[in-house]
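Novice: Quick one: the structure is below, and I'll ask about it shortly.
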Amino acid sequence: MGLKVFLNGEFVESEEAKISVFDHGVLYGDGVFEGIRAYNRSVFRPEEHLDRLYDGAGAIRLEIGMSKNELQEKICETLRLNDLDNAYIRVVVTRGEGDLGLDPRKCKKSTVFIITDRIALYPREYYINGLSIVTAKTRRNPPEALNPRIKSLNYMNNILGKIDAIDGGTEEALMLTMDGYVAECTGDNIFIVTAGRVMTPPNDVGALCGITQGAVIELARQNGFEFAYEMMKPEQLYEADECFLTGTAAEIVPVVRIDGKAVGAGKPGEVTKKLMGFFRELVETDGVRY
């Protein structure tokens with residue numbers, strides 16, 4: 001038998017976890033989701049993830065139908081049922097079953113499901129030797145079109161960027177704003193280090209407010225590194241001393257080459273390695289036990 005999945009108030013085998021073809025999450029990408037991590041039977045910062053989930057749902061006028069506390073307990077229960085010490089958690093809320101029209105009022109009840117499983121986004125060698133990325137041809141959706149603070153199920157913009165990465169022979173791609181400024185990568189926030197100063201683009205240019213991003217900013221400040229949000233062009237990345245990506249699945253992964261150009265010495269930098277160590281210590285102590 002497979003893993004247990006929480007689906008609309010019940011725990012079912014993963015093979016039996018089914019939703020309607022008329023669900024607006026399937027038909028239109030109408031919904032929100034969160035990716036969360038668990039380390040050594042402790043969920044990392046679930047309150048921050050659920051705050052973002054509920055804020056996103058509120059922004060699209062989607063009623064989840066459960067309190068944050070209830071949903072957090074179901075996350076923990078799903079992990080316990082699957083006996084997972086370390087896991088990736090996907091929480092999804094769709095508009096629910098409706099008809100073939102766009103009208104969200106036709107969807108009377110949201111669909112909620114929780115999947116818990118293991119994940120390894122990048123091979124271990126990338127954390128040791130660094131990752132190469134390319135700049136996507138696809139531009140990031142402007143905030144006026146789709147607020148990046150909403151972690152929407154409609155991820156086509158990111159998927160097109162991911163296709164650009166694949167076409168470029170890499171695992172990840174940098175996405176620029178319509179004005180040519182750095183926003184984020186297809187699934188991760190991006191940081192650079194220049195002269196010991198840690199920087200990341202401001203989220204209002206079109207980047208998701210990352211939970212791991214926020215944790216890394218805290219760690220940088222706590223450990224004496226100067227930090228700033230900064231508008232940046234791709235050229236600033238090429239000229240940086242170090243570069244790294246952050247994300248729930250990725251954690252912190254060094255970037256050593258962008259568009260074929262070496263970043264710094266072409267290997268993971270010392271600031272990046274220190275932050276990776278600090279983050280590893282953080283996830284072992286900052287979480288909710290299950």
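Naming scheme: A, B, ... for chains in displayed order of the structure tokens; residues 1 onward per chain; ligands 1 onward as shown.
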Applying 8 Å and only C-alpha atoms, which residues near range 235-244 of chain A remain after dropping the ones on its own chain fewer than 4 positions away? List them as a PyMOL selection string.

Specialist: chain A and resi 190-195+252-256+258+261-265+268-269+271-272

Novice: Counting only C-alpha atoms, give me one row per residue of range 78-110 of chain A with an atom at most 8 Å from an atom of range 23-26 of chain A, showing the shortest contact pair and its distance in Å to one decimal, sorted by chain then residue number, as a tab-separated table.

Specialist:
residue	atom	partner	partner_atom	distance
A:Thr94	CA	A:Gly25	CA	4.9
A:Arg95	CA	A:His24	CA	5.7
A:Gly96	CA	A:Asp23	CA	4.9
A:Glu97	CA	A:Asp23	CA	3.9
A:Gly98	CA	A:Asp23	CA	6.0
A:Asp99	CA	A:Asp23	CA	7.9
A:Cys107	CA	A:His24	CA	7.8

Novice: Looking only at the backbone, which of the residues in range 21-254 of chain A does DSSP tag as strand (DSSP E or B), as a PyMOL selection string?

Specialist: chain A and resi 23+31-38+42-43+87-94+97+111-117+131-135+152+172-176+182-185+189-194+197-200+227-229+242-247+251-254

Novice: Please identify all polymer residues within 7 Å of Ala228 in chain A, counting only C-alpha atoms, omitting same-chain residues fewer than 5 positions from it, and present them as a tab-separated table (two decimals) with N, CA and C atoms, in the first residue's frame.

Specialist:
chain	number	residue	atom	x	y	z
A	198	VAL	N	25.18	40.69	1.85
A	198	VAL	CA	24.20	39.72	1.35
A	198	VAL	C	23.00	40.49	0.83
A	199	MET	N	22.57	40.17	-0.41
A	199	MET	CA	21.47	40.92	-1.04
A	199	MET	C	20.50	39.98	-1.75
A	200	THR	N	19.24	40.40	-1.80
A	200	THR	CA	18.22	39.68	-2.55
A	200	THR	C	17.26	40.71	-3.11

Novice: Please provide as JSON, numbers by chain all residues within 12 Å of Gly35 in chain A, with the sequence filter that same-chain residues fewer than 4 positions apart are discarded (counting only C-alpha atoms).

Specialist: {"A": [43, 44, 45, 46, 48, 49, 50, 52, 53, 75, 87, 88, 89, 90, 91, 92, 114, 115, 116, 117, 118, 119, 151, 152, 153, 187, 188, 210, 211, 212, 247, 248, 249, 250, 251]}

Novice: Go ahead and save the picked residues with C-alpha atoms, as a PDB file, in the first residue's frame.

Specialist:
ATOM      1  CA  VAL A  43       7.594  20.637  11.077  1.00  0.00           C
ATOM      2  CA  PHE A  44       9.700  23.677  10.168  1.00  0.00           C
ATOM      3  CA  ARG A  45       7.903  26.991  10.760  1.00  0.00           C
ATOM      4  CA  PRO A  46       4.367  25.762   9.989  1.00  0.00           C
ATOM      5  CA  GLU A  48       4.586  31.064   8.652  1.00  0.00           C
ATOM      6  CA  HIS A  49       3.616  28.671   5.883  1.00  0.00           C
ATOM      7  CA  LEU A  50      -0.021  28.582   6.946  1.00  0.00           C
ATOM      8  CA  ARG A  52       0.997  32.609   3.683  1.00  0.00           C
ATOM      9  CA  LEU A  53      -1.507  29.968   2.582  1.00  0.00           C
ATOM     10  CA  ILE A  75      -0.472  17.983   8.666  1.00  0.00           C
ATOM     11  CA  ALA A  87       9.490  14.809   4.761  1.00  0.00           C
ATOM     12  CA  TYR A  88       8.263  17.291   2.209  1.00  0.00           C
ATOM     13  CA  ILE A  89       4.658  18.334   2.793  1.00  0.00           C
ATOM     14  CA  ARG A  90       2.364  19.659   0.078  1.00  0.00           C
ATOM     15  CA  VAL A  91      -0.836  21.359   1.269  1.00  0.00           C
ATOM     16  CA  VAL A  92      -3.285  22.186  -1.527  1.00  0.00           C
ATOM     17  CA  ILE A 114      -2.252  17.074   2.197  1.00  0.00           C
ATOM     18  CA  ILE A 115       0.508  14.925   0.699  1.00  0.00           C
ATOM     19  CA  THR A 116       3.575  13.943   2.726  1.00  0.00           C
ATOM     20  CA  ASP A 117       6.537  12.259   1.080  1.00  0.00           C
ATOM     21  CA  ARG A 118      10.302  12.446   0.693  1.00  0.00           C
ATOM     22  CA  ILE A 119      11.979  14.856  -1.714  1.00  0.00           C
ATOM     23  CA  LYS A 151       1.256  30.951  -4.159  1.00  0.00           C
ATOM     24  CA  SER A 152      -1.254  30.031  -6.807  1.00  0.00           C
ATOM     25  CA  LEU A 153      -1.885  26.644  -8.400  1.00  0.00           C
ATOM     26  CA  GLY A 187      11.115  27.733  -7.830  1.00  0.00           C
ATOM     27  CA  ASP A 188      13.580  29.553  -5.571  1.00  0.00           C
ATOM     28  CA  GLY A 210       9.935  32.816   0.733  1.00  0.00           C
ATOM     29  CA  ILE A 211       9.906  31.216   4.171  1.00  0.00           C
ATOM     30  CA  THR A 212      13.456  29.937   3.673  1.00  0.00           C
ATOM     31  CA  GLY A 247      13.571  27.465  -1.128  1.00  0.00           C
ATOM     32  CA  THR A 248      11.664  25.013   1.009  1.00  0.00           C
ATOM     33  CA  ALA A 249      12.640  22.044  -1.146  1.00  0.00           C
ATOM     34  CA  ALA A 250      16.041  23.380  -2.216  1.00  0.00           C
ATOM     35  CA  GLU A 251      17.021  24.776   1.221  1.00  0.00           C
TER      36      GLU A 251
END

Novice: Applying 10 Å and only C-alpha atoms, which residues near Asn40 in chain A remain after dropping the ones on its own chain fewer than 3 positions away? List them as a compact mmCIF listing (two decimals) with N, CA and C atoms, in the first residue's frame.

Specialist:
# COMPACT_ATOMS: atom_id res chain seq x y z
N VAL A 43 7.99 19.85 12.25
CA VAL A 43 7.59 20.64 11.08
C VAL A 43 8.23 22.02 11.19
N PHE A 44 8.97 22.42 10.14
CA PHE A 44 9.70 23.68 10.17
C PHE A 44 8.78 24.86 9.88
N LEU A 84 6.88 9.30 8.90
CA LEU A 84 7.98 9.98 8.22
C LEU A 84 8.75 10.85 9.21
N ASP A 85 10.03 10.58 9.35
CA ASP A 85 10.88 11.41 10.22
C ASP A 85 11.27 12.71 9.52
N ASN A 86 11.58 12.60 8.24
CA ASN A 86 11.95 13.76 7.41
C ASN A 86 11.06 13.72 6.18
N ALA A 87 10.48 14.86 5.84
CA ALA A 87 9.49 14.81 4.76
C ALA A 87 9.31 16.17 4.11
N VAL A 283 17.11 24.37 11.36
CA VAL A 283 16.00 23.45 11.12
C VAL A 283 15.94 22.32 12.13
N GLU A 284 17.04 22.10 12.84
CA GLU A 284 17.05 21.06 13.87
C GLU A 284 16.42 21.54 15.17
N THR A 285 16.23 22.85 15.30
CA THR A 285 15.75 23.39 16.58
C THR A 285 14.47 24.21 16.47
N GLY A 287 10.90 24.32 15.12
CA GLY A 287 9.80 23.59 14.49
C GLY A 287 8.77 23.13 15.51
N ARG A 289 6.85 19.78 16.91
CA ARG A 289 6.97 18.32 16.97
C ARG A 289 5.65 17.65 16.61
N TYR A 290 5.75 16.45 16.05
CA TYR A 290 4.54 15.66 15.72
C TYR A 290 4.71 14.23 16.15

Novice: May I ask for the distance between CA of Asn129 in chain A and CA of Glu184 in chain A, given in Å to one decimal place?

Specialist: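 Here the two named atoms are 21.4 Å from each other.
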
Novice: Calculate how many Å separate CA of Tyr229 in chain A from CA of Lys274 in chain A, rounding to one decimal.

Specialist: 19.9 Å
